[in-house]
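To be precise, the following lines are entry39.cif, and they hold mmCIF, C-alpha atoms and all ligand atoms.
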```
data_protein
#
loop_
_atom_site.label_atom_id
_atom_site.label_comp_id
_atom_site.auth_asym_id
_atom_site.auth_seq_id
_atom_site.Cartn_x
_atom_site.Cartn_y
_atom_site.Cartn_z
CA MET N 1 59.64 267.29 15.40
CA ASP N 2 56.40 268.65 16.67
CA MET N 3 57.34 271.24 19.29
CA GLN N 4 54.58 270.26 21.68
CA LEU N 5 55.75 266.68 21.57
CA LYS N 6 59.36 267.78 21.92
CA SER N 7 58.44 269.76 24.96
CA LEU N 8 56.56 266.81 26.39
CA SER N 9 59.53 264.51 25.97
CA GLY N 10 61.77 267.10 27.63
CA VAL N 11 59.42 267.21 30.60
CA LEU N 12 59.35 263.44 30.71
CA ILE N 13 63.11 263.06 30.77
CA SER N 14 63.42 265.95 33.21
CA CYS N 15 61.00 264.19 35.53
CA VAL N 16 63.12 261.06 35.35
CA ALA N 17 66.24 263.14 36.04
CA PHE N 18 64.52 264.86 38.96
CA ALA N 19 63.60 261.52 40.42
CA ALA N 20 67.25 260.52 40.15
CA THR N 21 68.52 263.54 42.04
CA GLY N 22 66.09 262.85 44.85
CA ALA N 23 66.93 259.19 45.10
CA GLN N 24 69.97 257.03 45.68
CA ALA N 25 72.63 256.50 43.06
CA GLY N 26 71.68 254.10 40.35
CA LEU N 27 69.80 253.96 37.11
CA VAL N 28 66.31 255.50 37.08
CA VAL N 29 63.80 254.24 34.52
CA ASN N 30 60.19 255.23 33.86
CA ASP N 31 57.83 253.48 31.45
CA VAL N 32 56.90 255.34 28.26
CA ASN N 33 54.52 253.56 25.92
CA ASP N 34 54.16 256.40 23.40
CA GLY N 35 56.29 256.17 20.25
CA GLY N 36 56.00 259.89 19.58
CA VAL N 37 57.48 260.73 22.96
CA LEU N 38 60.24 258.15 22.52
CA ALA N 39 61.26 259.41 19.07
CA SER N 40 61.08 263.01 20.20
CA ALA N 41 63.36 262.31 23.16
CA ILE N 42 66.20 261.06 20.97
CA ALA N 43 65.72 263.54 18.11
CA GLY N 44 68.55 266.05 18.21
CA SER N 45 69.65 269.07 16.25
CA GLY N 46 69.41 269.46 12.50
CA ILE N 47 66.64 266.98 11.78
CA THR N 48 62.87 266.84 11.84
CA VAL N 49 61.10 263.61 12.74
CA SER N 50 57.63 262.58 11.56
CA ASN N 51 55.35 259.57 10.98
CA VAL N 52 56.34 257.74 14.16
CA SER N 53 55.12 254.22 14.72
CA TYR N 54 55.80 252.04 17.73
CA LEU N 55 55.28 248.34 18.33
CA GLY N 56 56.04 246.90 21.73
CA ALA N 57 54.55 245.43 24.87
CA GLU N 58 53.32 247.65 27.67
CA GLY N 59 56.36 248.48 29.82
CA ALA N 60 58.92 247.54 27.15
CA ALA N 61 60.08 251.12 26.57
CA GLY N 62 60.85 254.11 28.72
CA GLY N 63 63.08 256.99 29.63
CA PHE N 64 66.24 256.61 31.70
CA SER N 65 68.51 258.93 33.64
CA ASN N 66 71.47 258.74 36.04
CA GLY N 67 73.20 256.45 33.56
CA VAL N 68 76.78 257.54 34.15
CA ALA N 69 76.58 256.87 37.89
CA SER N 70 75.37 253.39 36.92
CA GLY N 71 78.33 252.61 34.68
CA LEU N 72 76.76 253.54 31.37
CA GLU N 73 78.49 255.91 28.97
CA LEU N 74 75.18 257.71 28.45
CA GLU N 75 73.55 259.87 31.11
CA SER N 76 69.95 259.92 29.90
CA GLY N 77 67.71 259.03 27.01
CA ILE N 78 65.36 256.20 26.14
CA ILE N 79 65.49 252.45 26.75
CA LEU N 80 63.83 249.72 24.68
CA ALA N 81 63.83 246.22 26.20
CA THR N 82 62.78 242.67 25.39
CA GLY N 83 61.26 242.46 28.88
CA GLN N 84 60.15 245.26 31.21
CA VAL N 85 62.38 248.35 31.22
CA SER N 86 61.78 248.75 34.96
CA SER N 87 63.88 245.60 35.42
CA ALA N 88 66.96 247.55 34.27
CA MET N 89 67.25 249.33 37.59
CA GLY N 90 69.99 247.76 39.68
CA GLY N 91 72.00 246.52 41.23
CA ASN N 92 72.63 243.23 39.59
CA ASN N 93 70.44 241.07 41.78
CA GLU N 94 69.86 238.09 39.49
CA ASN N 95 71.74 236.53 36.59
CA GLY N 96 68.65 236.05 34.45
CA VAL N 97 65.98 238.69 34.91
CA SER N 98 63.31 237.81 32.38
CA THR N 99 59.89 238.91 31.29
CA ASP N 100 58.07 236.95 28.64
CA ASN N 101 56.16 239.85 27.10
CA GLY N 102 54.34 237.37 24.88
CA THR N 103 54.84 239.50 21.81
CA MET N 104 56.10 238.59 18.39
CA GLY N 105 59.60 238.75 17.01
CA TYR N 106 60.70 240.76 14.01
CA MET N 107 61.71 238.97 10.84
CA PRO N 108 64.56 241.32 9.84
CA LEU N 109 66.11 240.78 13.29
CA SER N 110 65.64 237.01 13.05
CA GLU N 111 67.66 237.12 9.85
CA LEU N 112 70.44 239.06 11.59
CA ALA N 113 70.42 236.83 14.69
CA GLY N 114 70.30 233.58 12.81
CA HIS N 115 67.54 232.39 15.13
CA GLN N 116 63.84 233.09 15.57
CA THR N 117 63.17 236.25 17.57
CA TYR N 118 60.54 237.13 20.19
CA ASP N 119 59.35 240.11 22.23
CA ALA N 120 60.45 242.62 19.60
CA VAL N 121 60.25 246.36 20.18
CA VAL N 122 60.18 248.36 16.96
CA LEU N 123 60.32 252.16 16.85
CA SER N 124 60.08 253.56 13.34
CA PHE N 125 59.98 257.11 12.04
CA ASP N 126 60.79 259.28 9.08
CA PHE N 127 63.31 262.10 9.31
CA GLU N 128 64.59 264.88 7.12
CA PHE N 129 67.54 267.19 7.46
CA ASP N 130 66.56 270.76 8.18
CA GLY N 131 67.16 273.29 5.41
CA GLY N 132 66.15 271.00 2.58
CA ALA N 133 69.61 269.57 1.96
CA GLY N 134 71.14 266.19 2.69
CA GLY N 135 73.45 265.61 5.61
CA ASP N 136 75.18 263.28 8.02
CA LEU N 137 73.39 261.33 10.73
CA PHE N 138 74.81 260.50 14.17
CA PHE N 139 73.48 258.73 17.25
CA ASP N 140 74.67 257.05 20.45
CA VAL N 141 73.57 253.61 21.64
CA ILE N 142 74.43 251.05 24.32
CA PHE N 143 73.36 247.39 24.17
CA ALA N 144 72.85 245.53 27.45
CA SER N 145 71.72 242.03 28.33
CA GLU N 146 71.05 239.35 30.90
CA GLU N 147 72.26 236.76 28.35
CA TYR N 148 75.84 237.66 29.29
CA LEU N 149 78.04 235.81 29.90
CA GLU N 150 76.52 232.37 30.24
CA PHE N 151 74.56 232.32 26.99
CA VAL N 152 77.14 233.67 24.58
CA GLY N 153 77.27 231.39 21.56
CA THR N 154 74.42 229.12 22.68
CA GLY N 155 71.58 230.14 20.39
CA PHE N 156 70.15 232.99 22.45
CA ASN N 157 71.68 235.68 20.31
CA ASP N 158 69.58 238.73 21.26
CA VAL N 159 70.16 241.43 18.67
CA PHE N 160 69.28 244.99 17.77
CA ALA N 161 69.47 247.05 14.60
CA PHE N 162 69.04 250.56 13.25
CA PHE N 163 67.60 250.08 9.79
CA LEU N 164 68.26 253.22 7.73
CA ASP N 165 66.06 253.03 4.66
CA GLY N 166 65.99 249.28 5.26
CA VAL N 167 69.74 248.72 5.77
CA ASP N 168 71.13 248.02 9.26
CA ILE N 169 73.82 250.58 10.13
CA ALA N 170 74.44 249.34 13.70
CA LEU N 171 77.34 247.22 12.58
CA LEU N 172 80.75 246.21 13.75
CA PRO N 173 83.74 247.07 11.56
CA ASP N 174 83.55 243.60 10.01
CA GLY N 175 79.93 244.18 9.00
CA SER N 176 78.37 241.98 11.70
CA PRO N 177 75.29 243.14 13.58
CA ILE N 178 75.87 243.92 17.26
CA SER N 179 74.56 241.01 19.31
CA ILE N 180 75.33 238.70 22.24
CA ASP N 181 77.59 236.56 20.09
CA THR N 182 79.48 239.40 18.38
CA VAL N 183 80.23 241.62 21.40
CA ASN N 184 81.08 239.96 24.72
CA ASN N 185 83.95 239.24 27.10
CA GLU N 186 85.87 237.32 24.44
CA THR N 187 84.80 238.86 21.13
CA ASN N 188 85.22 242.60 20.59
CA SER N 189 85.83 242.75 24.34
CA SER N 190 87.13 246.33 24.23
CA MET N 191 83.51 247.37 23.62
CA PHE N 192 82.17 245.23 26.47
CA VAL N 193 81.64 245.95 30.17
CA ASP N 194 81.25 242.85 32.36
CA ASN N 195 78.75 243.36 35.20
CA THR N 196 78.34 239.74 36.25
CA ALA N 197 79.95 240.53 39.61
CA GLY N 198 77.60 243.48 40.11
CA ALA N 199 80.25 246.18 39.88
CA TYR N 200 77.71 248.60 38.42
CA ASP N 201 74.35 249.73 39.71
CA ILE N 202 72.32 248.22 36.90
CA GLU N 203 70.61 244.84 36.54
CA TYR N 204 72.09 243.74 33.22
CA ASP N 205 74.97 241.27 33.53
CA GLY N 206 76.87 242.98 30.73
CA PHE N 207 76.63 245.95 28.43
CA THR N 208 78.57 247.68 25.70
CA THR N 209 80.42 250.95 25.79
CA ASN N 210 78.73 253.89 24.09
CA ILE N 211 78.66 252.89 20.46
CA GLY N 212 78.57 256.10 18.47
CA LEU N 213 77.25 255.39 15.00
CA SER N 214 76.83 257.56 11.97
CA ALA N 215 75.72 257.45 8.37
CA LEU N 216 77.39 260.04 6.19
CA GLY N 217 76.33 261.72 2.99
CA LEU N 218 72.61 261.04 3.09
CA SER N 219 70.56 262.56 0.32
CA ALA N 220 68.03 265.36 0.78
CA GLY N 221 64.44 264.39 1.46
CA ALA N 222 62.78 261.89 3.74
CA HIS N 223 64.58 258.86 5.15
CA THR N 224 63.17 256.10 7.32
CA MET N 225 64.77 254.86 10.52
CA THR N 226 63.56 251.68 12.16
CA VAL N 227 65.09 250.90 15.55
CA ALA N 228 64.46 247.32 16.64
CA ILE N 229 65.51 244.91 19.40
CA ALA N 230 64.35 241.39 20.16
CA ASP N 231 64.99 238.28 22.18
CA SER N 232 66.44 235.43 20.18
CA GLY N 233 65.95 231.71 20.72
CA ASP N 234 63.29 232.24 23.40
CA HIS N 235 61.37 235.03 25.21
CA LEU N 236 63.62 235.00 28.25
CA PHE N 237 66.71 236.80 29.65
CA ASP N 238 66.09 240.45 28.87
CA SER N 239 68.18 242.59 26.57
CA ALA N 240 67.90 246.34 26.08
CA ILE N 241 69.24 249.26 24.13
CA PHE N 242 69.84 252.70 25.58
CA ILE N 243 69.77 255.61 23.11
CA GLY N 244 71.16 258.99 24.14
CA LEU N 245 68.84 261.93 24.74
CA ASP N 246 68.87 264.28 21.72
CA SER N 247 71.70 262.21 20.21
CA PHE N 248 69.96 261.29 16.94
CA GLY N 249 70.77 264.24 14.75
CA GLY N 250 72.86 266.02 12.19
CA ALA N 251 75.96 266.46 14.34
CA PRO N 252 77.91 264.22 16.72
CA ASP N 253 76.92 264.29 20.37
CA PRO N 254 79.41 266.73 21.99
CA VAL N 255 80.25 264.05 24.53
CA ASN N 256 81.67 261.96 21.73
CA MET N 257 83.39 264.64 19.69
CA SER N 258 86.67 264.22 21.52
CA LEU N 259 86.80 260.50 20.92
CA PRO N 260 90.02 259.13 19.52
CA GLY N 261 90.15 257.58 16.12
CA THR N 262 87.37 256.68 13.77
CA LEU N 263 87.01 253.70 11.53
CA SER N 264 85.19 254.06 8.27
CA LEU N 265 83.29 251.46 6.37
CA ILE N 266 81.76 251.67 2.95
CA LEU N 267 78.29 250.27 3.46
CA ALA N 268 76.95 251.02 0.00
CA SER N 269 77.76 253.39 -2.81
CA MET N 270 75.51 256.04 -1.31
CA LEU N 271 76.29 255.39 2.30
CA ALA N 272 79.36 255.38 4.48
CA LEU N 273 79.25 254.21 8.06
CA VAL N 274 81.56 255.47 10.74
CA TRP N 275 81.87 253.48 13.90
CA ARG N 276 83.65 254.84 16.89
CA ARG N 277 84.05 253.84 20.47
CA ARG N 278 84.89 255.51 23.71
CA ARG N 279 87.16 252.87 25.18
CA SER N 280 90.12 251.39 23.44
CA CA Q 1 71.33 240.56 36.16
CA CA Q 2 61.45 238.69 26.91
CA CA Q 3 66.91 237.05 25.63
#
```
Go through the file and emit its structure as structure tokens.
Amino acid sequence: MDMQLKSLSGVLISCVAFAATGAQAGLVVNDVNDGGVLASAIAGSGITVSNVSYLGAEGAAGGFSNGVASGLELESGIILATGQVSSAMGGNNENGVSTDNGTMGYMPLSELAGHQTYDAVVLSFDFEFDGGAGGDLFFDVIFASEEYLEFVGTGFNDVFAFFLDGVDIALLPDGSPISIDTVNNETNSSMFVDNTAGAYDIEYDGFTTNIGLSALGLSAGAHTMTVAIADSGDHLFDSAIFIGLDSFGGAPDPVNMSLPGTLSLILASMLALVWRRRRS
């Protein structure tokens, strides 16, 4: 990653963190509409990022901090949302905070969701492992939504994906994409945090635990990562993903290294996916 850009993203996130220390408890979010800054903020050790492209409405992406105090298993990083990221700041004041950003969906997500998508945010970049060899890729992500709990299984299946060289690796152990219908209070509930009663200082009615994902044994040379999230069924009821600061890299985030148990999946002959979770 370009060092100037890396430095800029560090300043950005630091500013968000500073704002948090000077304010009350609760999530702090600032808009960031620059894909280079967003990619740089999540890029961690052992990789170099290039060729960043970003597609999203003004206000649909940003930096966040003070996550742990707000119930998230990530302290800081970036947020991509199907509405305005500023809406993420809590408490949980409404059960359906919505912004119709008026932007298009994303066909690969529509295929995963099983419904037409809207208000997509797509952050795409190339990356290579440092030193000219292949390696393993790790990153931390949390999915959150206003669709919970009332719209589970009703056709508003907001979804996100991490397409590694075109293949989604943000999958559950059974191979399903992570979405409203596949992770909620009844399905895969050990990964789900219910905030409908406003227990946490964040607007979203529900969110997942920190989903640590990895792709092992990648070949040397350039790979493409496309991170995408979209509304499904209509433009309303925001969903978001939080990605950990510096967590996208060649080694697991230290926060997650002590996690119990891993579950391996063979995704393809060249690719193994390891999914792990912090709560069990
Ligand atoms: Ca809410
Ligand atoms: Ca929307
Ligand atoms: Ca939605």
Residues of segment 119-180 of chain N that have any atom at most 7 Å from an atom of segment 235-240 of chain N: could you tabulate them with the shortest-distance atom pair and the distance in Å to one decimal, using only C-alpha atoms, ordered by chain and increasing number, as CSV?
```
residue,atom,partner,partner_atom,distance
N:Asp119,CA,N:His235,CA,6.2
N:Phe143,CA,N:Ala240,CA,5.9
N:Ala144,CA,N:Ala240,CA,5.2
N:Ser145,CA,N:Ser239,CA,4.0
N:Glu146,CA,N:Phe237,CA,5.2
N:Glu147,CA,N:Phe237,CA,5.7
N:Asp158,CA,N:Ser239,CA,6.7
```
Item to check | Atom-to-atom span, atom CA of Asn93 of chain N and atom CA of Gly244 of chain N, Å | outcome: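 These atoms are spaced 25.2 Å apart.
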Item to check | Shell of 10 Å around segment 148-156 of chain N, only C-alpha atoms, local chain residues under 5 positions omitted, as number ranges by chain | outcome: N: 95-96, 113-117, 179-187, 194-196, 204-207, 231-237, 239
Item to check | From N:Gly198, N:Pro108, N:Gly35, N:Gly44, residue lying nearest ligand CA 1 (chain Q) [all atoms listed in the file] | outcome: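 Of all the options, N:Gly198 lies closest to ligand CA 1 (chain Q).
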Item to check | Pick from N:Val85, N:Val52, N:Ala222, N:Leu112, whichever lies nearest to Ser176 of chain N using only C-alpha atoms | outcome: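 Of N:Val85, N:Val52, N:Ala222, N:Leu112, the one nearest Ser176 of chain N, counting only C-alpha atoms, is N:Leu112.
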